[in-house]
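Report on one structure; see the data block that follows.
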Amino acid sequence: MTLFSWPNVISALRIPLAAAFLAVDSTPARVGIVLAAGLSDWVDGTLARKLGWRTRSGEVIDPVADKLFMLTVFSAFVAEGKLSVPELGVLLARDLYASVAFAGATAFRLPMRFQSRMSGKTLTVLQLAVVLVLLVRPEWVRPLLVAAGAAGAVAIVDYTRAGLHSLRSPAVEP
């Protein structure tokens, strides 16, 4: 398992970015942190796909870093009174589902591959949009919450179907 590839290092940078988000109160600084996190997600994925640097460890590090970043940021908004706990649940439903599925597959040693899918990427973009809107125009967040909830439900169905399919025809280890 290759831990120290450029995509993995870039993915892991989202963890200190999450801590930085908590450490600052400045809206422009927080916007910059969120943009840096979004850019790092795009760059690590592009490097992994375009240069053939995909690894099993990257399939774990990237989504874990994404989920930790989103959990940290959205939890900060709950603590600040900008999001309710039910809204947090809507925004993180897919992430919670994927985490439980990953833990279950790992515990039972199921031969599943955890790869990003367009439905998940769409939700991630919507989650980042929610964060940016909460920072600069919180009164506009309601429609984005609805869109993120719908995208999360679609992603849960999509990832479930892909996971079940991978159990029927496991991929060959690269």
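Naming scheme: A, B, ... for chains in displayed order of the structure tokens; residues 1 onward per chain; ligands 1 onward as shown.
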- request: Please identify which residues in segment 70-99 of chain A DSSP calls helix (DSSP H, G or I) from the backbone, and express them as number ranges by chain.
  value: A: 70-79, 85-99
Exercise: Ala37 of chain A partners within 9 Å, only C-alpha atoms, chain neighbours under 5 positions left out, as a compact mmCIF listing (two decimals) with C-alpha atoms, in the first residue's frame:
# COMPACT_ATOMS: atom_id res chain seq x y z
CA SER A 11 -5.53 14.70 0.14
CA LEU A 13 -3.59 18.40 3.56
CA ARG A 14 -7.35 18.77 4.02
CA LEU A 17 -7.07 22.84 6.59
CA ALA A 18 -10.02 21.68 8.73
CA GLY A 32 -9.72 30.82 1.30
CA TRP A 42 -9.69 18.40 -7.54
CA ASP A 66 -13.02 14.86 2.65
CA PHE A 69 -13.03 18.33 6.53
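For the pair atom CA of Val90 of chain A and atom CA of Pro111 of chain A, the separation is 29.0 Å.
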Report the closest atom pair, with its distance in Å rounded to one decimal, for each residue of segment 48-113 of chain A that has an atom no farther than 10 Å from segment 137-159 of chain A; count only C-alpha atoms, sort by chain and then rising residue number, and write it as CSV.
residue,atom,partner,partner_atom,distance
A:Lys82,CA,A:Pro138,CA,7.8
A:Leu83,CA,A:Pro138,CA,9.7
A:Glu87,CA,A:Leu145,CA,7.4
A:Leu88,CA,A:Leu145,CA,9.5
A:Gly89,CA,A:Gly149,CA,9.1
A:Val90,CA,A:Gly149,CA,5.4
A:Leu91,CA,A:Gly149,CA,6.2
A:Leu92,CA,A:Gly152,CA,7.9
A:Ala93,CA,A:Gly152,CA,6.5
A:Arg94,CA,A:Gly152,CA,5.2
A:Asp95,CA,A:Gly152,CA,8.5
A:Leu96,CA,A:Ile156,CA,9.9
A:Tyr97,CA,A:Ile156,CA,7.1
A:Ala98,CA,A:Ile156,CA,7.8
A:Ala101,CA,A:Tyr159,CA,9.6
field: Non-local contacts of segment 52-62 of chain A (12 Å; only C-alpha atoms; under 3 positions in same chain excluded) as a VMD selection string
entry: chain A and resid 1 to 15 37 to 38 40 to 49 65 to 69 98 to 99 102 to 103 106 112 to 117 171 to 174
message: as a ChimeraX atom specification, please: the residues near Val131 of chain A (cut-off 9 Å, only C-alpha atoms, same-chain neighbours under 5 positions excluded).
response: /A:31,34,70,73-74,77,126,136,141
Export of prior selection with C-alpha atoms as a PDB file, in the first residue's frame:
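Output (out24.pdb):
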ATOM      1  CA  VAL A  31     -13.383  31.247   2.302  1.00  0.00           C
ATOM      2  CA  VAL A  34     -12.581  26.177   1.809  1.00  0.00           C
ATOM      3  CA  MET A  70     -16.785  18.490   5.967  1.00  0.00           C
ATOM      4  CA  VAL A  73     -16.633  22.665   9.025  1.00  0.00           C
ATOM      5  CA  PHE A  74     -20.311  21.773   9.342  1.00  0.00           C
ATOM      6  CA  PHE A  77     -21.469  25.985  11.808  1.00  0.00           C
ATOM      7  CA  LEU A 126     -22.961  21.088  -3.281  1.00  0.00           C
ATOM      8  CA  VAL A 136     -20.972  34.965   2.590  1.00  0.00           C
ATOM      9  CA  VAL A 141     -28.618  28.461   2.064  1.00  0.00           C
TER      10      VAL A 141
END
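If only C-alpha atoms are the atoms counted, then among A:Ala23, A:Ala29, A:Leu110, A:Val85 the closest residue to Leu71 of chain A is A:Val85.
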- request: Identify which of the residues A:Ser84, A:Thr122, A:Gln127, A:Thr160 lies closest to Val100 of chain A, counting only C-alpha atoms when measuring atom-to-atom distances.
  value: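 Selected residue with least distance to Val100 of chain A: A:Thr160.
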- request: Kindly give the distance, in Å, that separates atom CA of Leu135 of chain A and atom CA of Met118 of chain A, rounded to a single decimal.
  value: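 For atom CA of Leu135 of chain A relative to atom CA of Met118 of chain A, the distance reads 25.8 Å.
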